[in-house]
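A.B. asks: Sending over protein-v6.cif (mmCIF, C-alpha atoms and all ligand atoms).
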data_coords
#
loop_
_atom_site.label_atom_id
_atom_site.label_comp_id
_atom_site.auth_asym_id
_atom_site.auth_seq_id
_atom_site.Cartn_x
_atom_site.Cartn_y
_atom_site.Cartn_z
CA MET A 145 -5.06 27.14 -42.72
CA THR A 146 -2.88 24.27 -43.98
CA ASP A 147 -0.31 22.90 -41.56
CA TRP A 148 2.67 22.72 -43.94
CA ARG A 149 4.58 20.46 -41.57
CA GLU A 150 2.17 17.69 -42.42
CA THR A 151 2.49 17.72 -46.23
CA SER A 152 5.01 16.12 -48.57
CA ASP A 153 7.92 18.18 -49.96
CA ALA A 154 6.30 18.14 -53.39
CA ALA A 155 2.97 19.43 -52.06
CA PHE A 156 4.73 22.10 -50.03
CA GLU A 157 6.79 23.26 -53.02
CA ALA A 158 3.79 23.29 -55.33
CA GLY A 159 1.61 25.11 -52.77
CA PHE A 160 4.17 27.81 -52.02
CA SER A 161 5.11 28.23 -55.69
CA ALA A 162 1.49 28.71 -56.71
CA TRP A 163 0.88 31.17 -53.90
CA ILE A 164 3.96 33.28 -54.78
CA ALA A 165 3.09 33.24 -58.48
CA GLU A 166 -0.33 34.62 -57.59
CA HIS A 167 0.70 37.19 -54.99
CA TYR A 168 4.24 38.45 -55.46
CA PRO A 169 4.37 41.62 -57.58
CA ALA A 170 6.27 40.78 -60.78
CA ASP A 171 8.14 44.09 -60.95
CA TRP A 172 9.59 43.55 -57.45
CA ARG A 173 11.62 40.54 -58.58
CA HIS A 174 15.38 40.74 -58.53
CA SER A 175 16.70 41.01 -62.05
CA THR A 176 19.96 41.25 -63.96
CA VAL A 177 19.81 45.03 -63.53
CA ARG A 178 19.33 44.75 -59.74
CA PRO A 179 20.54 41.20 -58.92
CA PHE A 180 20.97 41.81 -55.17
CA HIS A 181 17.75 43.80 -54.80
CA ARG A 182 16.13 43.87 -51.35
CA LEU A 183 12.65 45.06 -50.48
CA ARG A 184 12.50 47.77 -47.86
CA GLY A 185 10.11 50.31 -46.34
CA GLU A 186 6.50 50.04 -47.47
CA GLN A 187 7.24 47.34 -50.04
CA ALA A 188 8.82 45.13 -47.38
CA THR A 189 5.91 45.67 -44.99
CA TYR A 190 3.38 44.96 -47.74
CA TRP A 191 5.07 41.68 -48.64
CA LEU A 192 5.57 40.51 -45.05
CA ARG A 193 1.92 41.22 -44.22
CA LEU A 194 0.85 39.33 -47.32
CA LEU A 195 2.95 36.34 -46.21
CA GLN A 196 1.33 36.60 -42.79
CA THR A 197 -2.20 36.62 -44.22
CA GLY A 198 -1.40 33.69 -46.50
CA GLY A 199 0.06 31.62 -43.62
CA TRP A 200 3.63 31.76 -45.04
CA ARG A 201 5.28 34.06 -42.50
CA ALA A 202 8.13 33.15 -40.11
CA PRO A 203 8.97 29.62 -41.31
CA ALA A 204 11.38 28.97 -38.43
CA TRP A 205 9.18 30.26 -35.59
CA PRO A 206 7.26 27.69 -33.56
CA ARG A 207 3.54 27.57 -34.22
CA GLU A 208 2.74 28.52 -30.63
CA HIS A 209 4.28 31.93 -31.42
CA GLY A 210 2.51 32.32 -34.75
CA GLY A 211 5.16 30.90 -37.08
CA MET A 212 5.05 27.96 -39.48
CA GLY A 213 7.09 25.69 -37.21
CA LEU A 214 9.03 24.18 -40.13
CA GLY A 215 12.02 21.92 -39.56
CA PHE A 216 15.38 22.86 -41.05
CA ALA A 217 15.00 20.89 -44.30
CA ARG A 218 11.63 22.52 -44.96
CA GLN A 219 13.05 25.98 -44.25
CA ARG A 220 15.72 25.27 -46.84
CA LEU A 221 13.05 24.35 -49.36
CA TYR A 222 11.06 27.47 -48.44
CA ARG A 223 14.09 29.62 -49.30
CA ALA A 224 14.75 27.71 -52.51
CA VAL A 225 11.20 28.35 -53.71
CA LEU A 226 11.52 32.09 -53.00
CA GLU A 227 14.76 32.07 -54.99
CA GLN A 228 13.20 30.18 -57.93
CA HIS A 229 10.59 32.95 -58.17
CA HIS A 230 13.21 35.73 -57.98
CA VAL A 231 11.60 37.09 -54.83
CA ALA A 232 13.75 39.91 -53.43
CA ARG A 233 15.01 39.43 -49.88
CA VAL A 234 13.73 41.38 -46.90
CA LEU A 235 15.97 42.26 -43.98
CA ASP A 236 13.48 41.53 -41.22
CA PHE A 237 15.51 41.93 -38.03
CA GLY A 238 12.36 41.39 -35.96
CA GLU A 239 11.66 37.96 -37.36
CA GLN A 240 15.22 36.83 -37.95
CA MET A 241 17.05 38.10 -34.87
CA LEU A 242 14.87 39.61 -32.18
CA GLY A 243 12.05 37.06 -32.24
CA PRO A 244 14.30 34.07 -31.43
CA ILE A 245 16.01 36.15 -28.71
CA ILE A 246 12.68 37.03 -27.08
CA MET A 247 11.54 33.41 -27.29
CA THR A 248 14.72 32.29 -25.50
CA PHE A 249 15.43 35.10 -23.04
CA GLY A 250 12.20 37.14 -22.78
CA THR A 251 9.58 37.03 -20.04
CA SER A 252 6.16 35.57 -20.81
CA GLU A 253 4.76 39.11 -20.88
CA GLN A 254 7.40 40.17 -23.44
CA LYS A 255 6.60 37.13 -25.58
CA ARG A 256 2.88 37.81 -25.39
CA THR A 257 3.11 41.50 -26.31
CA LEU A 258 6.10 41.73 -28.64
CA LEU A 259 6.06 38.63 -30.85
CA PRO A 260 2.65 39.22 -32.49
CA ARG A 261 3.63 42.83 -33.27
CA ILE A 262 6.74 41.57 -35.10
CA LEU A 263 4.67 39.24 -37.26
CA SER A 264 2.07 41.90 -38.06
CA CYS A 265 4.78 44.51 -38.80
CA ASP A 266 3.22 46.89 -36.27
CA ASP A 267 6.75 47.12 -34.89
CA ILE A 268 9.65 47.27 -37.35
CA TRP A 269 13.00 46.56 -35.70
CA CYS A 270 16.56 47.57 -36.47
CA GLN A 271 19.75 46.32 -34.88
CA GLY A 272 21.71 48.80 -32.75
CA TYR A 273 24.95 47.01 -31.95
CA SER A 274 27.81 48.82 -33.74
CA GLU A 275 29.20 52.16 -32.62
CA PRO A 276 32.09 54.30 -33.82
CA ASN A 277 35.18 52.32 -32.63
CA ALA A 278 33.04 49.35 -31.63
CA GLY A 279 32.42 47.24 -34.74
CA SER A 280 34.60 44.13 -34.84
CA ASP A 281 35.53 44.99 -31.28
CA LEU A 282 31.87 45.20 -30.29
CA ALA A 283 32.47 44.78 -26.56
CA SER A 284 34.09 48.24 -26.53
CA LEU A 285 30.67 49.81 -26.98
CA ARG A 286 30.03 52.95 -24.95
CA MET A 287 26.30 53.78 -25.18
CA THR A 288 25.28 54.04 -21.52
CA ALA A 289 22.01 53.18 -19.79
CA VAL A 290 21.81 54.45 -16.22
CA GLU A 291 18.92 53.26 -14.06
CA ASP A 292 16.69 56.02 -12.71
CA GLY A 293 13.51 54.72 -11.06
CA ASP A 294 11.43 52.84 -13.60
CA ALA A 295 13.58 53.90 -16.56
CA PHE A 296 17.09 53.78 -17.97
CA ILE A 297 18.57 57.09 -19.12
CA VAL A 298 20.29 56.25 -22.40
CA ASN A 299 23.10 58.31 -23.92
CA GLY A 300 25.42 57.62 -26.83
CA GLN A 301 25.61 56.84 -30.52
CA LYS A 302 25.03 53.83 -32.75
CA ILE A 303 26.23 53.64 -36.35
CA TRP A 304 25.62 51.50 -39.45
CA THR A 305 22.11 50.81 -38.15
CA THR A 306 20.52 49.34 -41.26
CA HIS A 307 17.12 50.81 -42.22
CA ALA A 308 16.77 52.67 -38.89
CA GLN A 309 15.01 55.50 -40.72
CA GLU A 310 12.23 53.04 -41.68
CA SER A 311 12.05 51.31 -38.30
CA THR A 312 9.85 51.98 -35.30
CA HIS A 313 12.13 50.32 -32.74
CA MET A 314 15.77 49.38 -32.20
CA PHE A 315 17.16 46.52 -30.12
CA ALA A 316 20.42 47.75 -28.70
CA LEU A 317 23.42 46.70 -26.68
CA VAL A 318 24.05 49.28 -23.96
CA ARG A 319 26.48 49.57 -21.08
CA THR A 320 24.72 49.33 -17.73
CA THR A 321 27.74 48.64 -15.51
CA ARG A 322 31.51 49.09 -15.79
CA GLY A 323 32.73 45.54 -15.38
CA GLU A 324 36.24 44.15 -15.02
CA ARG A 325 36.14 42.75 -18.54
CA LYS A 326 34.65 44.92 -21.29
CA GLN A 327 32.16 42.12 -22.08
CA ASP A 328 30.72 42.48 -18.57
CA GLY A 329 28.09 45.10 -17.81
CA ILE A 330 26.40 45.08 -21.24
CA SER A 331 22.60 44.83 -21.41
CA PHE A 332 20.12 44.14 -24.20
CA LEU A 333 17.55 46.93 -24.36
CA LEU A 334 14.54 47.60 -26.58
CA ILE A 335 14.23 51.25 -27.60
CA ASP A 336 11.19 52.93 -29.18
CA LEU A 337 12.66 55.23 -31.83
CA GLN A 338 9.85 57.79 -31.30
CA LEU A 339 11.05 58.60 -27.76
CA PRO A 340 12.19 62.18 -27.08
CA GLY A 341 15.97 62.61 -27.38
CA ILE A 342 16.46 60.23 -30.33
CA ARG A 343 17.83 61.46 -33.64
CA VAL A 344 18.26 59.23 -36.68
CA ARG A 345 20.58 60.40 -39.46
CA PRO A 346 20.78 58.32 -42.67
CA ILE A 347 24.13 57.54 -44.32
CA ALA A 348 24.41 56.82 -48.04
CA ASN A 349 26.30 53.67 -48.94
CA ILE A 350 28.94 53.47 -51.66
CA ALA A 351 26.19 52.80 -54.28
CA GLY A 352 24.43 56.02 -53.24
CA GLU A 353 21.51 54.42 -51.35
CA GLU A 354 20.63 55.55 -47.83
CA GLU A 355 20.98 52.06 -46.46
CA TYR A 356 22.01 52.65 -42.86
CA CYS A 357 21.99 55.36 -40.22
CA GLU A 358 23.57 56.93 -37.22
CA VAL A 359 21.26 56.83 -34.19
CA PHE A 360 21.93 59.40 -31.47
CA CYS A 361 20.43 59.03 -27.98
CA ASP A 362 20.45 62.07 -25.75
CA ASP A 363 18.99 61.49 -22.26
CA VAL A 364 16.39 59.08 -23.63
CA ARG A 365 14.13 57.53 -20.93
CA VAL A 366 13.61 53.85 -21.75
CA PRO A 367 11.36 51.79 -19.44
CA VAL A 368 13.23 49.21 -17.34
CA ALA A 369 10.59 46.73 -18.52
CA ASN A 370 12.24 46.90 -21.97
CA LEU A 371 15.28 45.00 -20.75
CA ILE A 372 15.59 41.50 -22.23
CA GLY A 373 17.20 38.70 -20.25
CA GLY A 374 18.22 40.60 -17.14
CA ARG A 375 20.65 43.39 -16.43
CA ASP A 376 24.27 42.87 -17.61
CA GLN A 377 23.33 39.74 -19.56
CA GLY A 378 23.56 41.45 -22.98
CA TRP A 379 26.82 39.89 -24.11
CA THR A 380 25.54 36.37 -23.55
CA ILE A 381 22.41 37.23 -25.52
CA ALA A 382 24.31 38.88 -28.38
CA LYS A 383 26.63 35.88 -28.65
CA ALA A 384 23.81 33.34 -28.71
CA LEU A 385 23.45 33.34 -32.49
CA LEU A 386 20.02 31.86 -32.57
CA GLY A 387 18.28 30.27 -35.51
CA HIS A 388 20.00 29.38 -38.73
CA GLU A 389 21.04 32.84 -39.88
CA ARG A 390 24.68 31.84 -39.87
CA ILE A 391 23.93 29.29 -42.56
CA TRP A 392 21.61 31.39 -44.73
CA VAL A 393 24.17 34.19 -44.93
CA GLY A 394 26.48 31.70 -46.67
CA SER A 395 23.95 30.54 -49.24
CA PRO A 396 25.24 30.51 -52.84
CA ASP A 397 22.27 32.56 -54.13
CA MET A 398 24.10 35.87 -54.53
CA ALA A 399 27.16 34.32 -56.17
CA ARG A 400 24.84 32.44 -58.54
CA ARG A 401 23.08 35.64 -59.49
CA ALA A 402 26.39 37.41 -60.12
CA LEU A 403 27.48 34.47 -62.29
CA ALA A 404 24.23 34.65 -64.28
CA LEU A 405 25.12 38.25 -64.95
CA ALA A 406 28.62 37.22 -66.05
CA ARG A 407 27.12 34.76 -68.54
CA ILE A 408 24.92 37.50 -70.01
CA ILE A 409 27.86 39.89 -70.38
CA VAL A 410 30.20 37.32 -71.95
CA THR A 411 27.47 36.28 -74.39
CA ALA A 412 26.38 39.83 -75.25
CA LEU A 413 29.96 40.90 -75.95
CA GLY A 414 30.78 37.71 -77.87
CA LEU A 415 33.67 36.85 -75.55
CA TRP A 416 33.33 33.05 -75.36
CA GLN A 417 36.17 32.65 -77.91
CA ASP A 418 38.47 34.78 -75.75
CA PHE A 419 40.26 32.03 -73.85
CA ALA A 420 41.39 34.28 -71.01
CA VAL A 421 37.78 35.30 -70.38
CA ALA A 422 36.42 31.77 -70.81
CA ASP A 423 39.09 30.43 -68.41
CA GLN A 424 38.21 32.94 -65.73
CA PHE A 425 34.51 32.29 -66.18
CA ALA A 426 35.07 28.55 -65.86
CA ALA A 427 37.12 29.03 -62.68
CA LEU A 428 34.40 31.18 -61.12
CA ALA A 429 31.66 28.78 -62.18
CA THR A 430 33.63 25.95 -60.56
CA ASP A 431 33.95 27.98 -57.37
CA VAL A 432 30.18 28.52 -57.33
CA HIS A 433 29.77 24.78 -57.74
CA ASP A 434 32.16 24.14 -54.81
CA LEU A 435 30.27 26.63 -52.67
CA GLU A 436 26.98 24.91 -53.50
CA ALA A 437 28.51 21.58 -52.50
CA LEU A 438 29.82 22.93 -49.19
CA TYR A 439 26.52 24.65 -48.45
CA GLY A 440 24.66 21.44 -49.25
CA SER A 441 26.88 19.32 -47.02
CA ILE A 442 26.65 21.77 -44.09
CA CYS A 443 22.86 21.91 -44.49
CA ASP A 444 22.73 18.09 -44.61
CA ALA A 445 24.80 17.93 -41.41
CA VAL A 446 22.43 20.35 -39.69
CA GLU A 447 19.46 18.24 -40.78
CA ARG A 448 21.13 15.22 -39.20
CA GLU A 449 22.67 16.75 -36.11
CA GLY A 450 20.69 19.90 -35.28
CA ALA A 451 22.91 22.94 -34.68
CA PRO A 452 25.70 23.94 -37.11
CA GLY A 453 29.32 23.52 -35.97
CA PRO A 454 31.91 26.34 -35.90
CA GLN A 455 32.99 25.53 -39.49
CA VAL A 456 29.77 27.20 -40.68
CA GLY A 457 31.83 30.42 -40.52
CA MET A 458 33.60 29.26 -43.72
CA LEU A 459 30.38 29.66 -45.66
CA LYS A 460 30.06 33.38 -45.07
CA ILE A 461 33.68 34.01 -46.06
CA LEU A 462 33.49 31.90 -49.22
CA ALA A 463 30.05 33.08 -50.35
CA THR A 464 30.70 36.80 -49.91
CA GLU A 465 34.25 36.81 -51.29
CA LEU A 466 33.13 34.79 -54.32
CA GLN A 467 30.26 37.21 -54.95
CA GLN A 468 32.80 40.03 -54.94
CA ARG A 469 35.21 38.23 -57.24
CA ILE A 470 32.48 37.56 -59.79
CA CYS A 471 31.33 41.19 -59.63
CA ASP A 472 34.92 42.31 -60.18
CA PHE A 473 35.15 39.96 -63.18
CA ASN A 474 31.89 41.39 -64.58
CA ALA A 475 33.20 44.92 -64.32
CA ALA A 476 36.52 43.97 -65.93
CA ILE A 477 35.03 42.22 -68.96
CA ALA A 478 32.18 44.67 -69.53
CA SER A 479 34.63 47.54 -69.44
CA ASP A 480 33.08 50.67 -70.97
CA HIS A 481 30.16 48.69 -72.42
CA ALA A 482 28.37 49.17 -69.11
CA GLY A 483 29.76 52.34 -67.60
CA VAL A 484 27.97 54.95 -65.53
CA VAL A 485 28.48 58.70 -65.69
CA GLY A 486 26.43 60.42 -63.01
CA GLU A 487 22.87 59.13 -63.47
CA ASP A 488 23.45 58.06 -67.10
CA ARG A 489 24.31 54.56 -68.14
CA ILE A 490 26.58 53.97 -71.10
CA GLY A 491 26.39 50.92 -73.33
CA SER A 492 23.69 48.51 -74.31
CA LEU A 493 24.06 45.72 -71.72
CA PRO A 494 20.94 45.00 -69.62
CA VAL A 495 22.92 45.37 -66.39
CA ASP A 496 23.94 48.09 -63.95
CA LEU A 497 27.53 47.18 -63.30
CA HIS A 498 28.27 50.09 -61.05
CA TRP A 499 25.42 49.13 -58.73
CA GLN A 500 26.28 45.42 -58.58
CA LEU A 501 29.95 46.19 -58.00
CA MET A 502 29.22 48.68 -55.21
CA MET A 503 26.55 46.53 -53.53
CA ALA A 504 29.02 43.66 -53.38
CA ARG A 505 31.60 45.68 -51.42
CA PRO A 506 30.05 45.60 -47.91
CA VAL A 507 29.14 41.90 -47.90
CA THR A 508 32.55 40.95 -46.52
CA ILE A 509 32.11 43.47 -43.69
CA PHE A 510 28.63 43.17 -42.17
CA GLY A 511 27.76 40.29 -39.89
CA GLY A 512 31.46 39.93 -39.01
CA ALA A 513 34.28 41.04 -41.34
CA SER A 514 36.14 38.30 -43.26
CA GLU A 515 39.39 38.90 -41.37
CA VAL A 516 37.66 38.47 -38.05
CA GLN A 517 35.77 35.39 -39.27
CA ARG A 518 39.10 33.86 -40.34
CA ASP A 519 40.51 34.58 -36.92
CA ILE A 520 37.55 32.80 -35.28
CA LEU A 521 37.95 29.81 -37.62
CA ALA A 522 41.68 29.64 -36.90
CA ARG A 523 40.98 29.36 -33.20
CA SER A 524 37.76 27.34 -33.08
CA VAL A 525 38.27 24.91 -35.98
CA LEU A 526 42.05 24.69 -36.43
CA GLY A 527 42.80 25.14 -32.72
CA LEU A 528 45.47 27.78 -33.37
CA GLN A 529 46.35 30.07 -30.47
CA SER A 530 47.08 33.76 -30.81
CA ARG A 531 50.70 34.71 -30.13
C1 LIG A 601 26.10 47.18 -45.14
C2 LIG A 601 26.32 47.13 -43.65
C3 LIG A 601 25.23 47.01 -42.83
C4 LIG A 601 25.42 46.99 -41.44
N1 LIG A 601 24.31 46.93 -40.63
C5 LIG A 601 24.47 46.97 -39.29
C6 LIG A 601 23.33 46.98 -38.43
O1 LIG A 601 22.17 46.93 -38.89
N2 LIG A 601 23.54 47.06 -37.08
C7 LIG A 601 24.78 47.10 -36.54
O2 LIG A 601 24.89 47.14 -35.34
N3 LIG A 601 25.89 47.11 -37.33
C8 LIG A 601 25.76 47.05 -38.68
N4 LIG A 601 26.87 47.07 -39.50
C9 LIG A 601 28.19 47.24 -38.89
C10 LIG A 601 29.07 46.01 -38.98
O3 LIG A 601 28.70 45.07 -38.03
C11 LIG A 601 30.52 46.51 -38.78
O4 LIG A 601 30.83 47.31 -39.92
C12 LIG A 601 31.50 45.37 -38.68
O5 LIG A 601 31.34 44.70 -37.46
C13 LIG A 601 32.95 45.89 -38.79
O6 LIG A 601 33.15 46.91 -37.85
P1 LIG A 601 33.77 48.33 -38.28
O7 LIG A 601 33.01 48.84 -39.45
O8 LIG A 601 33.82 49.18 -37.06
O9 LIG A 601 35.22 48.03 -38.80
P2 LIG A 601 36.50 47.70 -37.89
O10 LIG A 601 36.13 46.76 -36.82
O11 LIG A 601 37.15 48.99 -37.52
O12 LIG A 601 37.41 46.94 -38.94
C14 LIG A 601 38.15 47.60 -39.94
C15 LIG A 601 39.03 46.58 -40.62
O13 LIG A 601 39.94 46.02 -39.68
C16 LIG A 601 39.83 44.61 -39.68
N5 LIG A 601 39.96 44.09 -38.30
C17 LIG A 601 39.34 44.55 -37.20
N6 LIG A 601 39.68 43.80 -36.13
C18 LIG A 601 40.53 42.85 -36.59
C19 LIG A 601 41.21 41.76 -35.97
N7 LIG A 601 41.08 41.51 -34.67
N8 LIG A 601 42.00 40.99 -36.74
C20 LIG A 601 42.12 41.22 -38.07
N9 LIG A 601 41.50 42.24 -38.72
C21 LIG A 601 40.71 43.04 -37.98
C22 LIG A 601 38.42 44.32 -40.17
O14 LIG A 601 38.31 43.04 -40.72
C23 LIG A 601 38.24 45.40 -41.21
O15 LIG A 601 38.82 45.02 -42.43
C24 LIG A 601 26.73 47.09 -40.88
C25 LIG A 601 27.82 47.19 -41.75
C26 LIG A 601 27.63 47.21 -43.11
C27 LIG A 601 28.83 47.34 -43.99
#
As structure tokens, please, write out the structure in this file.
C.D. replies:
Amino acid sequence: MTDWRETSDAAFEAGFSAWIAEHYPADWRHSTVRPFHRLRGEQATYWLRLLQTGGWRAPAWPREHGGMGLGFARQRLYRAVLEQHHVARVLDFGEQMLGPIIMTFGTSEQKRTLLPRILSCDDIWCQGYSEPNAGSDLASLRMTAVEDGDAFIVNGQKIWTTHAQESTHMFALVRTTRGERKQDGISFLLIDLQLPGIRVRPIANIAGEEEYCEVFCDDVRVPVANLIGGRDQGWTIAKALLGHERIWVGSPDMARRALALARIIVTALGLWQDFAVADQFAALATDVHDLEALYGSICDAVEREGAPGPQVGMLKILATELQQRICDFNAAIASDHAGVVGEDRIGSLPVDLHWQLMMARPVTIFGGASEVQRDILARSVLGLQSR
């Protein structure tokens, strides 16, 4: 199989483009009707396995662990090619979050057994961090894991666990000790969702899709061997944001797609002569341009210097809030030309405004709410102290 680290950018781009054009199912592309579409369930597994077979899986993972071993600039190009082909995203917590954690904190046995099963999709992982009353204030989590011989007895509840109903396993933060500080005594535990005592209950999001779940654990026996990084080390692990996920979450892709939708609506409704509309469109387009510039300069800095600095937090705030503002604009100008009553769409526009508006709501919440991100920026970049 080709070692894509060794080729030129042009050869890499051409090779990946040709492969996607041949293999990616055309009707799974994101479109103006479903601009923020993500693959999930069987479709996601099918696509990830296809990438694996073609040698295009896990661009950031080292080759010794079965990944492509690409440097940052190449990973950026990889993502750009996927975007050019309108390939829908996949939320692969195994590849994006757990894999790097196992590589850094896992034992050699855990690396040997778990990493290949992530790549082959034999294990599908979800992220069990948040609990009721422990979201932004994650360290307040209360799910307990009490050691009993060769197992932990786990009790408690997780919430907002994305795609848990389609996952085989959950990596979770659990409380193993009552420490002086609430950050102490948290451990990072791998839980097989088929174990007796686990109940997974889906929750519909505001767009009506069962996107996340509650996960209840009632006296679940989890082998002690499933601990990653040692007992009570969970907070350190959770805080070690590994890989470049903090940058990708701030990519301008979603805002660009929302703006493409805006262009379609303004054109279809003949609103370019309406100066108020044209003004707002121009302002949003300029903001997308600014975001692209910031994203580009942060990516360039990472290429030069390695890890991103704390200012990378700006990207997530700007990208997600801009996506929301454009979706709000789309809804305002389309008015009743793209309404929804129950299951029926009204109007002739090739868009589903209700869906795009609703799917843009949670983006400023997950992965750290905007308010909390601003607080972190105030302290870490501006050096402001809390009163
Ligand atoms: C679509 C989606 C998918 C998710 N997927 C997962 C998942 O897979 N796994 C997982 O573990 N979690 C997941 N989450 C949960 C997510 O991490 C939490 O929703 C997030 O951390 C916010 O926590 P919360 O919902 O408890 O809100 P809260 O923390 O209660 O916040 C409520 C409001 O108060 C504000 N606020 C809170 N604290 C402060 C502060 N100190 N200063 C200023 N304002 C503050 C917040 O910004 C927010 O506006 C998901 C959430 C969403 C929306």
A.B. asks: Which polymer residues have any atom within 8 Å of an atom of range 352-364 of chain A, counting only C-alpha atoms, with same-chain residues fewer than 4 positions away left out, as a short mmCIF file (atom, residue, chain, number, x, y, z; two decimals) with C-alpha atoms, keeping the file's coordinate frame?
C.D. replies:
data_model
loop_
_atom_site.label_atom_id
_atom_site.label_comp_id
_atom_site.auth_asym_id
_atom_site.auth_seq_id
_atom_site.Cartn_x
_atom_site.Cartn_y
_atom_site.Cartn_z
CA PHE A 296 17.09 53.78 -17.97
CA ILE A 297 18.57 57.09 -19.12
CA VAL A 298 20.29 56.25 -22.40
CA ASN A 299 23.10 58.31 -23.92
CA GLY A 300 25.42 57.62 -26.83
CA GLN A 301 25.61 56.84 -30.52
CA LYS A 302 25.03 53.83 -32.75
CA ILE A 303 26.23 53.64 -36.35
CA TRP A 304 25.62 51.50 -39.45
CA THR A 305 22.11 50.81 -38.15
CA THR A 306 20.52 49.34 -41.26
CA HIS A 307 17.12 50.81 -42.22
CA ALA A 308 16.77 52.67 -38.89
CA GLN A 309 15.01 55.50 -40.72
CA LEU A 339 11.05 58.60 -27.76
CA PRO A 340 12.19 62.18 -27.08
CA GLY A 341 15.97 62.61 -27.38
CA ILE A 342 16.46 60.23 -30.33
CA ARG A 343 17.83 61.46 -33.64
CA VAL A 344 18.26 59.23 -36.68
CA ARG A 345 20.58 60.40 -39.46
CA PRO A 346 20.78 58.32 -42.67
CA ILE A 347 24.13 57.54 -44.32
CA ALA A 348 24.41 56.82 -48.04
#
A.B. asks: Contacts of Ile268 in chain A at 7 Å or less, counting all atoms listed in the file, minus same-chain residues fewer than 5 places along, as a list in words?
C.D. replies: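 Once the nearby chain positions are removed, what remains is Gly238, Ile262, Ser311, Thr312 and His313 of chain A.
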A.B. asks: Kindly compile the residues surrounding ligand LIG 601 (chain A) within 7 Å, counting all atoms listed in the file, and format them as a count of residues only.
C.D. replies: 27
A.B. asks: Rank A:His433, A:Arg375, A:Arg286, A:Arg401 by their smallest atom-to-atom distance to Phe249 in chain A, using only C-alpha atoms, and report the top residue only.
C.D. replies: A:Arg375
A.B. asks: Would you mind listing what lies within 8 Å of Leu521 in chain A as a ChimeraX atom specification, with all atoms listed in the file counted and same-chain residues fewer than 2 positions away left out?
C.D. replies: /A:454-455,457-458,517-519,523-526
A.B. asks: In terms of the shortest atom-to-atom distance over all atoms listed in the file, which of A:Leu195, A:Ile335, A:Ala475, A:Cys265 is closest to Leu501 in chain A?
C.D. replies: A:Ala475
A.B. asks: Hey, what's within 9 Å of Trp148 in chain A if we count all atoms listed in the file and toss same-chain stuff fewer than 6 positions away? As a list of chain:residue names, please?
C.D. replies: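 The neighbour list is A:Ala155, A:Phe156, A:Met212, A:Gly213, A:Leu214.
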A.B. asks: Quick one: residues within 12 Å of Ala158 in chain A, only C-alpha atoms, excluding same-chain residues fewer than 3 positions away - as a ChimeraX atom specification?
C.D. replies: /A:148,151-155,161-165,221-222,225-226,228
A.B. asks: Show me, as JSON lines, the residues of range 386-446 of chain A having an atom within 12 Å of range 489-500 of chain A, each with the closest atom pair and its distance in Å, using all atoms listed in the file.
C.D. replies:
{"residue": "A:Met398", "atom": "CA", "partner": "A:Gln500", "partner_atom": "CA", "distance": 10.6}
{"residue": "A:Ala399", "atom": "CA", "partner": "A:Gln500", "partner_atom": "CA", "distance": 11.4}
{"residue": "A:Arg401", "atom": "CA", "partner": "A:Gln500", "partner_atom": "CA", "distance": 10.3}
{"residue": "A:Ala402", "atom": "CA", "partner": "A:Gln500", "partner_atom": "CA", "distance": 8.2}
{"residue": "A:Leu403", "atom": "CA", "partner": "A:Gln500", "partner_atom": "CA", "distance": 11.6}
{"residue": "A:Ala404", "atom": "CA", "partner": "A:Val495", "partner_atom": "CA", "distance": 11.0}
{"residue": "A:Leu405", "atom": "CA", "partner": "A:Val495", "partner_atom": "CA", "distance": 7.6}
{"residue": "A:Ala406", "atom": "CA", "partner": "A:Val495", "partner_atom": "CA", "distance": 10.0}
{"residue": "A:Arg407", "atom": "CA", "partner": "A:Val495", "partner_atom": "CA", "distance": 11.6}
{"residue": "A:Ile408", "atom": "CA", "partner": "A:Leu493", "partner_atom": "CA", "distance": 8.4}
{"residue": "A:Ile409", "atom": "CA", "partner": "A:Leu493", "partner_atom": "CA", "distance": 7.1}
{"residue": "A:Val410", "atom": "CA", "partner": "A:Leu493", "partner_atom": "CA", "distance": 10.4}
{"residue": "A:Thr411", "atom": "CA", "partner": "A:Leu493", "partner_atom": "CA", "distance": 10.4}
{"residue": "A:Ala412", "atom": "CA", "partner": "A:Leu493", "partner_atom": "CA", "distance": 7.2}
{"residue": "A:Leu413", "atom": "CA", "partner": "A:Leu493", "partner_atom": "CA", "distance": 8.7}
A.B. asks: So the first atom is CA of Asp292 in chain A and the second is CA of Trp379 in chain A; what is the distance between them in Å, to one decimal place?
C.D. replies: 22.2 Å
A.B. asks: Taking into account all atoms listed in the file, which residue in the set A:Asp480, A:Asp418, A:Glu291, A:Glu447 is nearest to Pro367 in chain A?
C.D. replies: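 Closest to Pro367 in chain A of all the choices is A:Glu291.
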A.B. asks: CA of Val432 in chain A and CA of Gln240 in chain A are how many Å apart?
C.D. replies: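 So the two atoms, CA of Val432 in chain A and CA of Gln240 in chain A, lie 25.9 Å apart.
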A.B. asks: What does the distance from CA of Arg223 in chain A to CA of Met502 in chain A come to in Å, to one decimal?
C.D. replies: 25.0 Å
A.B. asks: Restricting the calculation to all atoms listed in the file: of A:Val234, A:Leu317, A:Leu371, A:Ala204, which residue gets closest to Asp294 in chain A?
C.D. replies: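 Checking each candidate against Asp294 in chain A, we get A:Leu371 as the closest.
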